[in-house]
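structure-v7.csv, holding CSV, N, CA, C and O atoms:
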```
chain,number,residue,atom,x,y,z
K,10,MET,N,-4.3,20.9,1.5
K,10,MET,CA,-3.6,19.8,1.0
K,10,MET,C,-3.9,18.6,1.9
K,10,MET,O,-3.9,18.8,3.2
K,11,LYS,N,-4.3,17.5,1.4
K,11,LYS,CA,-4.6,16.3,2.2
K,11,LYS,C,-3.3,15.6,2.7
K,11,LYS,O,-2.3,15.6,2.0
K,12,SER,N,-3.3,15.1,3.9
K,12,SER,CA,-2.2,14.4,4.4
K,12,SER,C,-2.3,12.9,4.0
K,12,SER,O,-3.4,12.4,3.9
K,13,ILE,N,-1.2,12.3,3.7
K,13,ILE,CA,-1.1,10.9,3.4
K,13,ILE,C,-0.1,10.2,4.3
K,13,ILE,O,0.8,10.8,4.9
K,14,THR,N,-0.4,8.9,4.5
K,14,THR,CA,0.5,8.0,5.2
K,14,THR,C,1.2,7.1,4.2
K,14,THR,O,0.5,6.5,3.4
K,15,ILE,N,2.5,7.0,4.2
K,15,ILE,CA,3.2,6.1,3.3
K,15,ILE,C,3.7,4.9,4.1
K,15,ILE,O,4.3,5.1,5.2
K,16,SER,N,3.5,3.7,3.6
K,16,SER,CA,4.0,2.5,4.2
K,16,SER,C,4.5,1.6,3.2
K,16,SER,O,4.2,1.7,2.0
K,17,GLN,N,5.2,0.6,3.6
K,17,GLN,CA,5.7,-0.5,2.7
K,17,GLN,C,5.3,-1.8,3.2
K,17,GLN,O,5.4,-2.1,4.4
K,18,THR,N,4.9,-2.7,2.3
K,18,THR,CA,4.7,-4.1,2.7
K,18,THR,C,5.1,-5.0,1.5
K,18,THR,O,5.4,-4.5,0.4
K,19,THR,N,5.3,-6.2,1.8
K,19,THR,CA,5.7,-7.2,0.8
K,19,THR,C,4.7,-8.3,0.7
K,19,THR,O,4.1,-8.8,1.7
K,20,VAL,N,4.3,-8.6,-0.5
K,20,VAL,CA,3.4,-9.8,-0.8
K,20,VAL,C,4.2,-10.8,-1.6
K,20,VAL,O,5.2,-10.5,-2.2
K,21,PHE,N,3.8,-12.1,-1.4
K,21,PHE,CA,4.5,-13.2,-2.0
K,21,PHE,C,3.8,-13.9,-3.1
K,21,PHE,O,4.4,-14.8,-3.7
K,22,THR,N,2.5,-13.6,-3.3
K,22,THR,CA,1.8,-14.3,-4.4
K,22,THR,C,1.0,-13.3,-5.1
K,22,THR,O,0.7,-12.2,-4.6
K,23,THR,N,0.6,-13.7,-6.3
K,23,THR,CA,-0.3,-12.8,-7.1
K,23,THR,C,-1.7,-12.6,-6.4
K,23,THR,O,-2.2,-11.5,-6.4
K,24,GLU,N,-2.2,-13.6,-5.7
K,24,GLU,CA,-3.4,-13.5,-5.0
K,24,GLU,C,-3.3,-12.5,-3.9
K,24,GLU,O,-4.2,-11.7,-3.7
K,25,GLU,N,-2.2,-12.5,-3.2
K,25,GLU,CA,-2.0,-11.5,-2.1
K,25,GLU,C,-1.9,-10.1,-2.6
K,25,GLU,O,-2.4,-9.2,-2.1
K,26,PHE,N,-1.3,-10.0,-3.8
K,26,PHE,CA,-1.2,-8.6,-4.4
K,26,PHE,C,-2.6,-8.1,-4.8
K,26,PHE,O,-2.9,-7.0,-4.5
K,27,ILE,N,-3.4,-9.0,-5.4
K,27,ILE,CA,-4.7,-8.6,-5.8
K,27,ILE,C,-5.6,-8.2,-4.6
K,27,ILE,O,-6.3,-7.2,-4.6
K,28,GLU,N,-5.4,-9.0,-3.5
K,28,GLU,CA,-6.2,-8.7,-2.2
K,28,GLU,C,-5.7,-7.3,-1.7
K,28,GLU,O,-6.5,-6.5,-1.2
K,29,LEU,N,-4.4,-7.1,-1.6
K,29,LEU,CA,-3.8,-5.9,-1.1
K,29,LEU,C,-4.3,-4.7,-2.0
K,29,LEU,O,-4.7,-3.7,-1.4
K,30,LYS,N,-4.3,-4.8,-3.3
K,30,LYS,CA,-4.7,-3.7,-4.2
K,30,LYS,C,-6.2,-3.4,-3.9
K,30,LYS,O,-6.6,-2.2,-3.8
K,31,SER,N,-7.0,-4.4,-3.8
K,31,SER,CA,-8.4,-4.2,-3.6
K,31,SER,C,-8.7,-3.5,-2.2
K,31,SER,O,-9.5,-2.6,-2.1
K,32,ALA,N,-8.1,-4.0,-1.2
K,32,ALA,CA,-8.3,-3.4,0.2
K,32,ALA,C,-7.8,-2.0,0.2
K,32,ALA,O,-8.4,-1.1,0.8
K,33,THR,N,-6.6,-1.7,-0.4
K,33,THR,CA,-6.1,-0.4,-0.4
K,33,THR,C,-7.0,0.6,-1.1
K,33,THR,O,-7.3,1.7,-0.6
K,34,GLU,N,-7.5,0.2,-2.3
K,34,GLU,CA,-8.5,1.0,-3.0
K,34,GLU,C,-9.8,1.3,-2.2
K,34,GLU,O,-10.3,2.4,-2.2
K,35,ARG,N,-10.3,0.2,-1.6
K,35,ARG,CA,-11.5,0.4,-0.8
K,35,ARG,C,-11.3,1.4,0.4
K,35,ARG,O,-12.2,2.1,0.8
K,36,ALA,N,-10.1,1.4,0.9
K,36,ALA,CA,-9.8,2.4,2.0
K,36,ALA,C,-9.4,3.8,1.5
K,36,ALA,O,-9.1,4.6,2.3
K,37,GLY,N,-9.5,4.0,0.2
K,37,GLY,CA,-9.2,5.3,-0.4
K,37,GLY,C,-7.7,5.6,-0.7
K,37,GLY,O,-7.4,6.7,-1.0
K,38,GLY,N,-6.9,4.5,-0.7
K,38,GLY,CA,-5.5,4.7,-1.0
K,38,GLY,C,-5.1,4.1,-2.3
K,38,GLY,O,-6.0,3.8,-3.2
K,39,ARG,N,-3.8,4.0,-2.5
K,39,ARG,CA,-3.3,3.5,-3.8
K,39,ARG,C,-2.0,2.8,-3.6
K,39,ARG,O,-1.3,3.2,-2.6
K,40,ILE,N,-1.6,1.9,-4.4
K,40,ILE,CA,-0.3,1.4,-4.5
K,40,ILE,C,0.5,2.3,-5.4
K,40,ILE,O,0.3,2.3,-6.6
K,41,ALA,N,1.5,3.0,-4.8
K,41,ALA,CA,2.2,4.0,-5.5
K,41,ALA,C,3.3,3.4,-6.3
K,41,ALA,O,3.6,3.9,-7.4
K,42,GLU,N,4.0,2.4,-5.8
K,42,GLU,CA,5.1,1.8,-6.5
K,42,GLU,C,5.2,0.3,-6.2
K,42,GLU,O,4.8,-0.1,-5.1
K,43,THR,N,5.7,-0.4,-7.1
K,43,THR,CA,6.0,-1.8,-6.8
K,43,THR,C,7.4,-2.2,-7.3
K,43,THR,O,7.9,-1.5,-8.3
K,44,HIS,N,8.1,-3.1,-6.6
K,44,HIS,CA,9.4,-3.5,-7.0
K,44,HIS,C,9.5,-5.0,-6.8
K,44,HIS,O,9.2,-5.5,-5.7
K,45,ALA,N,10.0,-5.7,-7.8
K,45,ALA,CA,10.2,-7.1,-7.7
K,45,ALA,C,11.4,-7.4,-6.7
K,45,ALA,O,12.4,-6.7,-6.8
K,46,ILE,N,11.2,-8.3,-5.8
K,46,ILE,CA,12.3,-8.7,-5.0
K,46,ILE,C,13.2,-9.8,-5.7
K,46,ILE,O,12.6,-10.6,-6.4
K,47,ARG,N,14.5,-9.7,-5.5
K,47,ARG,CA,15.4,-10.5,-6.2
K,47,ARG,C,15.0,-12.0,-6.1
K,47,ARG,O,14.5,-12.5,-5.1
K,48,ASN,N,15.3,-12.7,-7.2
K,48,ASN,CA,15.0,-14.2,-7.3
K,48,ASN,C,13.5,-14.6,-7.2
K,48,ASN,O,13.2,-15.7,-6.7
K,49,GLY,N,12.7,-13.6,-7.5
K,49,GLY,CA,11.2,-13.9,-7.5
K,49,GLY,C,10.6,-14.2,-6.1
K,49,GLY,O,9.7,-15.0,-6.0
K,50,GLN,N,11.2,-13.6,-5.1
K,50,GLN,CA,10.7,-13.9,-3.7
K,50,GLN,C,9.6,-13.0,-3.3
K,50,GLN,O,9.3,-13.1,-2.1
K,51,GLY,N,9.1,-12.2,-4.1
K,51,GLY,CA,7.9,-11.4,-3.7
K,51,GLY,C,7.9,-10.0,-4.4
K,51,GLY,O,8.8,-9.8,-5.3
K,52,ILE,N,7.0,-9.2,-4.0
K,52,ILE,CA,6.8,-7.9,-4.6
K,52,ILE,C,6.7,-6.9,-3.4
K,52,ILE,O,5.9,-7.0,-2.5
K,53,ALA,N,7.6,-5.9,-3.4
K,53,ALA,CA,7.6,-4.9,-2.4
K,53,ALA,C,6.7,-3.8,-2.9
K,53,ALA,O,6.8,-3.4,-4.0
K,54,CYS,N,5.7,-3.4,-2.1
K,54,CYS,CA,4.7,-2.4,-2.5
K,54,CYS,C,4.8,-1.2,-1.6
K,54,CYS,O,4.8,-1.3,-0.3
K,55,ILE,N,4.8,0.0,-2.2
K,55,ILE,CA,4.8,1.3,-1.4
K,55,ILE,C,3.3,1.7,-1.5
K,55,ILE,O,2.8,1.9,-2.6
K,56,LEU,N,2.7,1.9,-0.3
K,56,LEU,CA,1.3,2.3,-0.2
K,56,LEU,C,1.1,3.7,0.2
K,56,LEU,O,1.9,4.2,1.1
K,57,GLU,N,0.2,4.4,-0.4
K,57,GLU,CA,-0.2,5.8,0.0
K,57,GLU,C,-1.6,5.7,0.5
K,57,GLU,O,-2.5,5.4,-0.3
K,58,MET,N,-1.8,6.0,1.7
K,58,MET,CA,-3.2,6.0,2.3
K,58,MET,C,-3.5,7.4,2.9
K,58,MET,O,-2.6,8.1,3.4
K,59,PRO,N,-4.8,7.7,2.9
K,59,PRO,CA,-5.2,9.0,3.5
K,59,PRO,C,-4.8,8.9,5.0
K,59,PRO,O,-5.1,7.9,5.7
K,60,ALA,N,-4.3,10.0,5.5
K,60,ALA,CA,-3.9,10.0,6.9
K,60,ALA,C,-5.2,10.4,7.8
K,60,ALA,O,-6.0,11.1,7.3
K,61,GLU,N,-5.2,9.8,9.0
K,61,GLU,CA,-6.3,10.1,9.9
K,61,GLU,C,-6.1,11.5,10.3
K,61,GLU,O,-5.0,12.0,10.7
K,62,ASN,N,-7.2,12.3,10.4
K,62,ASN,CA,-7.1,13.7,10.8
K,62,ASN,C,-7.5,13.7,12.3
K,62,ASN,O,-8.6,13.5,12.7
K,63,ARG,N,-6.5,13.9,13.2
K,63,ARG,CA,-6.7,13.8,14.6
K,63,ARG,C,-7.6,14.9,15.2
K,63,ARG,O,-8.1,14.8,16.3
K,64,TYR,N,-7.9,15.9,14.3
K,64,TYR,CA,-8.7,17.0,14.8
K,64,TYR,C,-10.2,16.9,14.5
K,64,TYR,O,-11.0,17.7,14.9
K,65,ASP,N,-10.5,15.8,13.7
K,65,ASP,CA,-11.9,15.6,13.4
K,65,ASP,C,-12.6,15.0,14.6
K,65,ASP,O,-12.1,14.2,15.4
K,66,MET,N,-13.8,15.5,14.9
K,66,MET,CA,-14.6,15.0,16.0
K,66,MET,C,-15.9,14.5,15.6
K,66,MET,O,-16.6,15.0,14.8
```

Is it possible to give me this structure as structure tokens?
Amino acid sequence: MKSITISQTTVFTTEEFIELKSATERAGGRIAETHAIRNGQGIACILEMPAENRYDM
């Protein structure tokens, strides 16, 4: 089973979201969930990224 790292970040514009999505996919991850922040103040994004394997040499 592969290990993943889960993190959360917030973006404030559509352009930032598109950039985040593109960078996440290039790194082999995905945006697992998104939630609108109250009053249209941004989008909270839950990211799943492959974890670094500390035993690789």

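Here atom CA of K:Met58 and atom C of K:Ala36 stand 6.6 Å from one another.
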
Margin query: Using only N, CA, C and O atoms for the distances, tell me which of K:Ser31, K:Gly38, K:Thr14, K:Phe21 is nearest to K:Gly51.
Written below: K:Phe21

Notebook entry, point to check: Just asking: which residues within chain K are alpha helix (DSSP H) according to DSSP, as a PyMOL selection string?
Noted result: chain K and resi 23-35

Next item on the list: Work out how far apart atom CA of K:Ala53 and atom CA of K:Ile40 are and give it in Å to one decimal.
Entry: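 For atom CA of K:Ala53 relative to atom CA of K:Ile40, the distance reads 10.3 Å.
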
Margin query: Can you measure atom O of K:Ser16 to atom N of K:Cys54 for me? One decimal in Å is fine.
Written below: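 According to the coordinates, atom O of K:Ser16 and atom N of K:Cys54 are separated by 6.7 Å.
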
Next item on the list: Would you mind listing what lies within 6 Å of K:Ile13 as a list of chain:residue names, with only N, CA, C and O atoms counted and same-chain residues fewer than 2 positions away left out?
Entry: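 The neighbour list is K:Lys11, K:Ile15, K:Glu57, K:Met58, K:Pro59, K:Ala60.
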
Notebook entry, point to check: Which residues in chain K does DSSP call strand (DSSP E)? List them as number ranges by chain.
Noted result: K: 13-20, 39-45, 52-59

Notebook entry, point to check: Nearest to K:His44: which of K:Ile27, K:Ala32, K:Val20, K:Glu61 is it, counting only N, CA, C and O atoms?
Noted result: K:Val20

Note to self: When you look at K:Arg39 with a cut-off of 6 Å (counting only C-alpha atoms), what residues show up, excluding the ones that are within fewer than 3 positions of it in the same chain? I need them as a list in words.
What the structure shows: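 The residues that qualify are Thr33, Glu34, Leu56 and Glu57 of chain K.
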
Note to self: Here is a test: counting only C-alpha atoms, which residue of K:Ile55, K:Lys30, K:Gln50, K:Arg35 is nearest to K:Thr18?
What the structure shows: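 Using only C-alpha atoms, the shortest distance to K:Thr18 belongs to K:Ile55.
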